[in-house]
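Listing of input_29.cif; format and content: mmCIF, C-alpha atoms.
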```cif
data_target
#
loop_
_atom_site.group_PDB
_atom_site.id
_atom_site.type_symbol
_atom_site.label_atom_id
_atom_site.label_comp_id
_atom_site.auth_asym_id
_atom_site.auth_seq_id
_atom_site.Cartn_x
_atom_site.Cartn_y
_atom_site.Cartn_z
ATOM 1 C CA MET A 114 0.000 0.000 0.000
ATOM 2 C CA HIS A 115 1.169 3.523 -0.839
ATOM 3 C CA LEU A 116 0.069 6.937 0.377
ATOM 4 C CA TYR A 117 0.680 10.290 -1.274
ATOM 5 C CA ARG A 118 0.119 13.757 0.140
ATOM 6 C CA CYS A 119 -0.822 16.060 -2.715
ATOM 7 C CA ASP A 120 -0.697 19.840 -2.611
ATOM 8 C CA LEU A 121 -2.917 21.536 -5.181
ATOM 9 C CA ILE A 122 -1.984 25.093 -6.207
ATOM 10 C CA LEU A 123 -4.311 27.097 -8.438
ATOM 11 C CA HIS A 124 -2.887 28.824 -11.507
ATOM 12 C CA ASP A 125 -6.250 30.325 -12.449
ATOM 13 C CA TYR A 126 -9.559 31.420 -10.918
ATOM 14 C CA LEU A 127 -11.552 28.412 -9.664
ATOM 15 C CA PHE A 128 -15.354 28.489 -9.686
ATOM 16 C CA PHE A 129 -18.057 25.935 -8.948
ATOM 17 C CA ALA A 130 -21.406 26.701 -7.347
ATOM 18 C CA THR A 131 -21.470 25.231 -3.840
ATOM 19 C CA THR A 132 -24.184 27.562 -2.520
ATOM 20 C CA GLU A 133 -26.341 30.218 -4.152
ATOM 21 C CA ARG A 134 -27.439 33.226 -2.111
ATOM 22 C CA GLY A 135 -29.730 35.298 -4.262
ATOM 23 C CA LYS A 136 -27.703 36.378 -7.285
ATOM 24 C CA VAL A 137 -24.370 35.266 -5.771
ATOM 25 C CA ALA A 138 -22.991 31.773 -6.479
ATOM 26 C CA GLU A 139 -20.217 30.875 -4.035
ATOM 27 C CA THR A 140 -17.300 28.458 -4.397
ATOM 28 C CA GLY A 141 -16.700 26.325 -1.305
ATOM 29 C CA PRO A 142 -13.299 26.013 0.435
ATOM 30 C CA PHE A 143 -12.819 22.435 -0.780
ATOM 31 C CA VAL A 144 -12.665 20.256 -3.887
ATOM 32 C CA HIS A 145 -14.801 17.102 -3.793
ATOM 33 C CA ASN A 146 -12.947 13.834 -4.196
ATOM 34 C CA TYR A 147 -15.228 12.719 -7.040
ATOM 35 C CA ALA A 148 -14.276 15.879 -8.963
ATOM 36 C CA LEU A 149 -10.607 15.121 -8.266
ATOM 37 C CA THR A 150 -11.039 11.552 -9.520
ATOM 38 C CA TYR A 151 -12.336 12.847 -12.847
ATOM 39 C CA ALA A 152 -9.705 15.608 -13.006
ATOM 40 C CA LEU A 153 -6.884 13.103 -12.457
ATOM 41 C CA GLY A 154 -8.174 11.139 -15.448
ATOM 42 C CA TRP A 155 -9.134 8.046 -13.462
ATOM 43 C CA ALA A 156 -12.898 8.315 -14.004
ATOM 44 C CA ARG A 157 -14.327 9.212 -17.395
ATOM 45 C CA SER A 158 -17.800 10.363 -18.360
ATOM 46 C CA ALA A 159 -19.514 10.186 -21.728
ATOM 47 C CA TRP A 160 -18.757 13.094 -24.043
ATOM 48 C CA TYR A 161 -22.490 13.544 -24.671
ATOM 49 C CA SER A 162 -25.508 12.980 -22.454
ATOM 50 C CA GLU A 163 -29.129 13.707 -23.315
ATOM 51 C CA THR A 164 -30.003 14.338 -19.658
ATOM 52 C CA GLN A 165 -28.070 16.024 -16.868
ATOM 53 C CA GLU A 166 -27.857 12.853 -14.790
ATOM 54 C CA PRO A 167 -24.562 11.738 -13.233
ATOM 55 C CA HIS A 168 -23.404 8.134 -13.365
ATOM 56 C CA TYR A 169 -21.053 8.120 -10.390
ATOM 57 C CA PRO A 170 -21.382 4.424 -9.395
ATOM 58 C CA GLU A 171 -20.448 2.989 -12.790
ATOM 59 C CA GLU A 172 -17.703 5.505 -13.533
ATOM 60 C CA LEU A 173 -16.128 5.397 -10.060
ATOM 61 C CA ALA A 174 -16.265 1.598 -10.054
ATOM 62 C CA ALA A 175 -14.434 1.583 -13.396
ATOM 63 C CA ALA A 176 -11.849 3.975 -11.938
ATOM 64 C CA TRP A 177 -11.290 1.690 -8.931
ATOM 65 C CA ARG A 178 -10.849 -1.385 -11.134
ATOM 66 C CA THR A 179 -8.397 0.404 -13.427
ATOM 67 C CA GLU A 180 -6.369 2.512 -10.998
ATOM 68 C CA ALA A 181 -6.682 0.607 -7.681
ATOM 69 C CA ALA A 182 -6.522 3.958 -5.915
ATOM 70 C CA TYR A 183 -8.697 6.228 -3.812
ATOM 71 C CA VAL A 184 -8.448 10.009 -3.418
ATOM 72 C CA THR A 185 -9.772 12.045 -0.494
ATOM 73 C CA PRO A 186 -11.445 15.455 -0.832
ATOM 74 C CA ALA A 187 -9.117 18.456 -0.910
ATOM 75 C CA THR A 188 -9.315 21.044 1.854
ATOM 76 C CA LEU A 189 -8.307 24.676 1.462
ATOM 77 C CA LEU A 190 -5.183 25.549 3.443
ATOM 78 C CA ARG A 191 -4.921 29.162 2.357
ATOM 79 C CA GLY A 192 -6.349 31.351 -0.367
ATOM 80 C CA GLY A 193 -8.503 34.373 -1.124
ATOM 81 C CA TYR A 194 -11.745 35.063 -2.982
ATOM 82 C CA LEU A 195 -12.752 37.416 -5.752
ATOM 83 C CA ILE A 196 -16.336 38.281 -6.766
ATOM 84 C CA ASN A 197 -16.919 38.619 -10.512
ATOM 85 C CA GLN A 198 -20.111 39.809 -12.183
ATOM 86 C CA TYR A 199 -21.426 38.042 -15.267
ATOM 87 C CA ASN A 200 -24.113 39.109 -17.716
ATOM 88 C CA THR A 201 -25.575 36.733 -20.291
ATOM 89 C CA MET A 202 -28.531 38.893 -21.368
ATOM 90 C CA PRO A 203 -28.747 39.077 -25.179
ATOM 91 C CA GLU A 204 -28.047 42.337 -26.972
ATOM 92 C CA SER A 205 -31.234 42.734 -28.962
ATOM 93 C CA TYR A 206 -33.762 45.440 -29.709
ATOM 94 C CA GLY A 207 -36.681 43.411 -28.417
ATOM 95 C CA LEU A 208 -37.754 43.985 -24.847
ATOM 96 C CA GLY A 209 -39.608 40.709 -24.471
ATOM 97 C CA LYS A 210 -38.194 37.625 -22.772
ATOM 98 C CA GLY A 211 -38.654 34.054 -23.870
ATOM 99 C CA GLN A 212 -39.276 31.028 -21.709
ATOM 100 C CA SER A 213 -36.549 30.498 -19.096
ATOM 101 C CA ILE A 214 -34.432 27.339 -19.335
ATOM 102 C CA GLY A 215 -33.005 27.636 -15.836
ATOM 103 C CA TYR A 216 -29.873 29.663 -16.568
ATOM 104 C CA PRO A 217 -29.512 33.046 -14.836
ATOM 105 C CA ASP A 218 -29.301 36.169 -17.010
ATOM 106 C CA TRP A 219 -26.903 37.955 -14.675
ATOM 107 C CA GLY A 220 -25.357 37.551 -11.269
ATOM 108 C CA PHE A 221 -22.129 37.281 -9.314
ATOM 109 C CA ALA A 222 -19.630 34.420 -9.047
ATOM 110 C CA LYS A 223 -17.442 34.174 -5.956
ATOM 111 C CA CYS A 224 -14.237 32.514 -7.189
ATOM 112 C CA LEU A 225 -11.045 31.388 -5.514
ATOM 113 C CA ARG A 226 -8.009 33.396 -6.579
ATOM 114 C CA PRO A 227 -4.884 31.957 -8.222
ATOM 115 C CA ALA A 228 -2.241 30.670 -5.762
ATOM 116 C CA ALA A 229 -4.919 29.188 -3.484
ATOM 117 C CA HIS A 230 -3.474 26.089 -1.792
ATOM 118 C CA PHE A 231 -5.409 22.830 -1.247
ATOM 119 C CA ARG A 232 -4.320 19.470 0.151
ATOM 120 C CA PHE A 233 -5.618 15.944 -0.440
ATOM 121 C CA TYR A 234 -4.363 12.365 -0.114
ATOM 122 C CA VAL A 235 -4.164 9.405 -2.481
ATOM 123 C CA VAL A 236 -4.198 5.812 -1.191
ATOM 124 C CA SER A 237 -3.129 3.284 -3.803
ATOM 125 C CA ARG A 238 -2.252 -0.372 -4.047
ATOM 126 C CA ASN A 239 0.681 0.300 -6.367
ATOM 127 C CA LEU A 240 3.079 3.172 -7.023
ATOM 128 C CA LYS A 241 1.369 5.999 -8.911
ATOM 129 C CA MET A 242 2.544 8.593 -11.406
ATOM 130 C CA LEU A 243 0.275 11.537 -10.718
ATOM 131 C CA PRO A 244 -0.159 14.252 -13.363
ATOM 132 C CA ARG A 245 1.692 17.535 -12.820
ATOM 133 C CA PHE A 246 -1.275 19.682 -13.870
ATOM 134 C CA ILE A 247 -5.038 19.137 -13.875
ATOM 135 C CA ARG A 248 -8.148 21.148 -14.769
ATOM 136 C CA LEU A 249 -10.926 21.910 -12.276
ATOM 137 C CA GLY A 250 -14.230 23.723 -11.946
ATOM 138 C CA LYS A 251 -16.851 25.218 -14.203
ATOM 139 C CA PHE A 252 -14.296 27.022 -16.369
ATOM 140 C CA MET A 253 -11.565 24.344 -16.286
ATOM 141 C CA ALA A 254 -9.084 26.252 -14.128
ATOM 142 C CA LYS A 255 -5.488 25.069 -14.339
ATOM 143 C CA ALA A 256 -4.032 23.664 -11.100
ATOM 144 C CA GLU A 257 -0.638 22.243 -10.214
ATOM 145 C CA VAL A 258 -0.265 18.964 -8.300
ATOM 146 C CA ARG A 259 2.757 18.475 -6.045
ATOM 147 C CA ALA A 260 2.833 14.930 -4.679
ATOM 148 C CA GLU A 261 4.962 13.552 -1.840
ATOM 149 C CA HIS A 262 5.174 9.860 -0.962
ATOM 150 C CA ALA A 263 4.818 8.978 2.714
ATOM 151 C CA ARG A 264 8.112 8.247 4.444
ATOM 152 C CA ARG A 265 6.560 5.719 6.807
ATOM 153 C CA ILE A 266 3.177 3.937 6.819
ATOM 154 C CA GLU A 267 1.687 1.971 9.688
ATOM 155 C CA ARG A 268 -1.603 0.077 9.873
ATOM 156 C CA ALA A 269 -3.363 0.005 13.235
ATOM 157 C CA THR A 270 -6.690 -0.810 14.880
ATOM 158 C CA GLY A 271 -8.349 1.197 17.608
ATOM 159 C CA THR A 272 -9.678 4.652 18.325
ATOM 160 C CA CYS A 273 -8.414 7.361 15.981
ATOM 161 C CA ILE A 274 -9.182 10.872 14.766
ATOM 162 C CA ALA A 275 -8.818 11.376 11.022
ATOM 163 C CA ASN A 276 -7.143 14.727 10.384
ATOM 164 C CA ALA A 277 -8.200 14.983 6.741
ATOM 165 C CA LEU A 278 -11.377 15.850 4.874
ATOM 166 C CA LEU A 279 -13.589 12.791 4.215
ATOM 167 C CA ALA A 280 -16.685 12.028 2.125
ATOM 168 C CA TRP A 281 -19.579 10.680 4.212
ATOM 169 C CA ASP A 282 -20.906 8.159 1.667
ATOM 170 C CA ASP A 283 -17.388 6.716 1.269
ATOM 171 C CA LEU A 284 -17.077 5.656 4.922
ATOM 172 C CA LYS A 285 -17.992 2.069 5.677
ATOM 173 C CA ALA A 286 -17.161 2.725 9.342
ATOM 174 C CA THR A 287 -19.301 5.519 10.779
ATOM 175 C CA PRO A 288 -17.499 8.099 12.948
ATOM 176 C CA THR A 289 -18.950 8.745 16.393
ATOM 177 C CA VAL A 290 -18.067 12.457 16.355
ATOM 178 C CA PHE A 291 -17.182 14.738 13.454
ATOM 179 C CA ASP A 292 -17.302 18.301 12.134
ATOM 180 C CA LEU A 293 -19.613 18.862 9.176
ATOM 181 C CA THR A 294 -17.610 20.890 6.676
ATOM 182 C CA ALA A 295 -20.056 21.024 3.759
ATOM 183 C CA ASN A 296 -23.496 19.566 3.141
ATOM 184 C CA ALA A 297 -22.717 19.416 -0.576
ATOM 185 C CA LEU A 298 -23.762 17.115 -3.388
ATOM 186 C CA PRO A 299 -23.227 14.325 -4.208
ATOM 187 C CA THR A 300 -22.278 13.615 -0.562
ATOM 188 C CA ARG A 301 -21.515 15.715 2.488
ATOM 189 C CA LEU A 302 -17.929 16.288 3.589
ATOM 190 C CA ILE A 303 -16.732 15.911 7.180
ATOM 191 C CA ASN A 304 -13.571 16.732 9.098
ATOM 192 C CA GLN A 305 -11.952 15.545 12.340
ATOM 193 C CA GLY A 306 -13.920 12.293 12.320
ATOM 194 C CA ARG A 307 -13.436 10.174 15.438
ATOM 195 C CA PHE A 308 -13.584 6.395 14.856
ATOM 196 C CA THR A 309 -13.843 3.708 17.536
ATOM 197 C CA ASN A 310 -12.216 0.287 17.081
ATOM 198 C CA ALA A 311 -11.509 1.004 13.420
ATOM 199 C CA ASP A 312 -8.727 -0.038 11.070
ATOM 200 C CA HIS A 313 -6.758 3.042 10.112
ATOM 201 C CA LEU A 314 -3.566 4.228 8.495
ATOM 202 C CA ARG A 315 -0.897 6.343 10.184
ATOM 203 C CA ALA A 316 1.631 7.969 7.895
ATOM 204 C CA GLU A 317 4.551 10.329 8.321
ATOM 205 C CA PHE A 318 5.675 12.970 5.846
ATOM 206 C CA SER A 319 8.574 15.405 5.865
ATOM 207 C CA ASP A 320 6.684 17.968 7.944
ATOM 208 C CA GLY A 321 3.710 16.227 9.539
ATOM 209 C CA ARG A 322 1.533 13.157 10.054
ATOM 210 C CA VAL A 323 -1.878 12.047 8.863
ATOM 211 C CA VAL A 324 -4.426 9.489 10.057
ATOM 212 C CA LEU A 325 -6.937 8.014 7.593
ATOM 213 C CA PRO A 326 -9.596 5.297 8.017
ATOM 214 C CA LEU A 327 -9.056 2.173 5.935
ATOM 215 C CA ALA A 328 -12.743 1.242 5.738
ATOM 216 C CA ALA A 329 -13.220 3.833 3.006
ATOM 217 C CA GLY A 330 -13.948 3.628 -0.713
ATOM 218 C CA TYR A 331 -16.028 5.317 -3.384
ATOM 219 C CA LEU A 332 -19.743 5.210 -2.445
ATOM 220 C CA SER A 333 -19.136 2.212 -0.192
ATOM 221 C CA ALA A 334 -21.864 3.397 2.210
ATOM 222 C CA ALA A 335 -24.192 5.097 -0.281
ATOM 223 C CA ASP A 336 -27.963 4.732 0.036
ATOM 224 C CA LYS A 337 -29.054 2.418 -2.786
ATOM 225 C CA ARG A 338 -32.547 3.890 -2.752
ATOM 226 C CA ALA A 339 -31.154 7.017 -4.422
ATOM 227 C CA PHE A 340 -30.214 4.979 -7.522
ATOM 228 C CA LYS A 341 -32.682 3.242 -9.802
ATOM 229 C CA CYS A 342 -30.849 1.951 -12.868
ATOM 230 C CA LYS A 343 -29.620 -1.634 -12.869
ATOM 231 C CA ARG A 344 -26.034 -0.757 -13.798
ATOM 232 C CA CYS A 345 -25.809 1.692 -10.882
ATOM 233 C CA LEU A 346 -26.982 -0.946 -8.408
ATOM 234 C CA GLU A 347 -24.519 -3.508 -9.781
ATOM 235 C CA ALA A 348 -21.686 -0.982 -9.472
ATOM 236 C CA LEU A 349 -22.717 -0.103 -5.903
ATOM 237 C CA LYS A 350 -22.665 -3.786 -4.975
ATOM 238 C CA PHE A 351 -19.061 -3.956 -6.168
ATOM 239 C CA LEU A 352 -18.082 -0.697 -4.425
ATOM 240 C CA GLU A 353 -19.366 -1.999 -1.078
ATOM 241 C CA THR A 354 -16.281 -4.213 -0.840
ATOM 242 C CA ALA A 355 -13.845 -1.981 -2.764
ATOM 243 C CA LEU A 356 -12.194 -0.511 0.329
ATOM 244 C CA CYS A 357 -8.667 0.742 1.004
ATOM 245 C CA GLY A 358 -8.346 -1.822 3.787
ATOM 246 C CA SER A 359 -8.613 -4.684 1.284
ATOM 247 C CA TRP A 360 -5.007 -4.115 0.095
#
```
As structure tokens:
Amino acid sequence: MHLYRCDLILHDYLFFATTERGKVAETGPFVHNYALTYALGWARSAWYSETQEPHYPEELAAAWRTEAAYVTPATLLRGGYLINQYNTMPESYGLGKGQSIGYPDWGFAKCLRPAAHFRFYVVSRNLKMLPRFIRLGKFMAKAEVRAEHARRIERATGTCIANALLAWDDLKATPTVFDLTANALPTRLINQGRFTNADHLRAEFSDGRVVLPLAAGYLSAADKRAFKCKRCLEALKFLETALCGSW
């Protein structure tokens, strides 16, 4: 088993709508691990879809089978925001307005500035060659990935506090206490999760340590009632046992 600590540095403005307050769409201080999985090139979606319906179970299951790796959500270590105004109203002489299709005509986007610094972790069965640059967000912002392999890894069982951002639906072992960081789709993100009698990973890096639960994997604890298609349910059945602790 291998563990990488990855620092993500923005080279462009990053925007994705976490919350919308009136005419202001705000970017949250995190990057979801499913978004990172797609950005790293591990999960792939169809180039065309007739409906705006995600297929996370099938695509994340394919990523697990191919890459044998799991990535945690990225938390913001430092960075600033900038509010930009956008206007998509057409320049025409007519004063009438057609039927709305759900897109706003104007508003404000609260973006993260370049040089914002995130951190996430990658657990893999084999050595990985992570890309140097990836693209993120609504406008495909460029971001640099700086990866460091753990100097020492130790598996243990017992009570632990995970000092990294985690996705709730990815945790087969439920924490007894945690801080809710974001109630975001497709699954909420938590921090400082306390686990009792759980298998976990302790790792040392050049300037710190991290503790991560091993009973974690993509959608391993997802509610099957939220998915209806047969392929999704088959993928979820596979993901139930596709945990980091299985390596």
Item checked: Which residue of A:Val137, A:Leu149, A:Leu240, A:Ala174 approaches A:Leu352 most closely, using only C-alpha atoms -> A:Ala174
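The residues returned by the PyMOL selection byres ((chain A and resi 139) around 6) on the shown structure are Ala130, Thr131, Thr132, Ala138, Thr140 and Lys223 of chain A.
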Next item on the list: Excluding A:Lys337 and any residue of its chain fewer than 5 positions from it, enumerate the residues within 10 Å of it, using only C-alpha atoms, and give them as a ChimeraX atom specification.
Entry: /A:332,345-346,349-350
Note to self: Since I can't run it myself right now, could you work out what the PyMOL selection byres ((chain A and resi 263) around 7) selects here and report it as a PyMOL selection string?
What the structure shows: chain A and resi 116-117+261-262+264-266+316-318
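Among the candidates A:Val236, A:Val258, A:Ala156, A:Cys119, the residue lying nearest to A:Glu171 is A:Ala156 (atoms considered: all atoms listed in the file).
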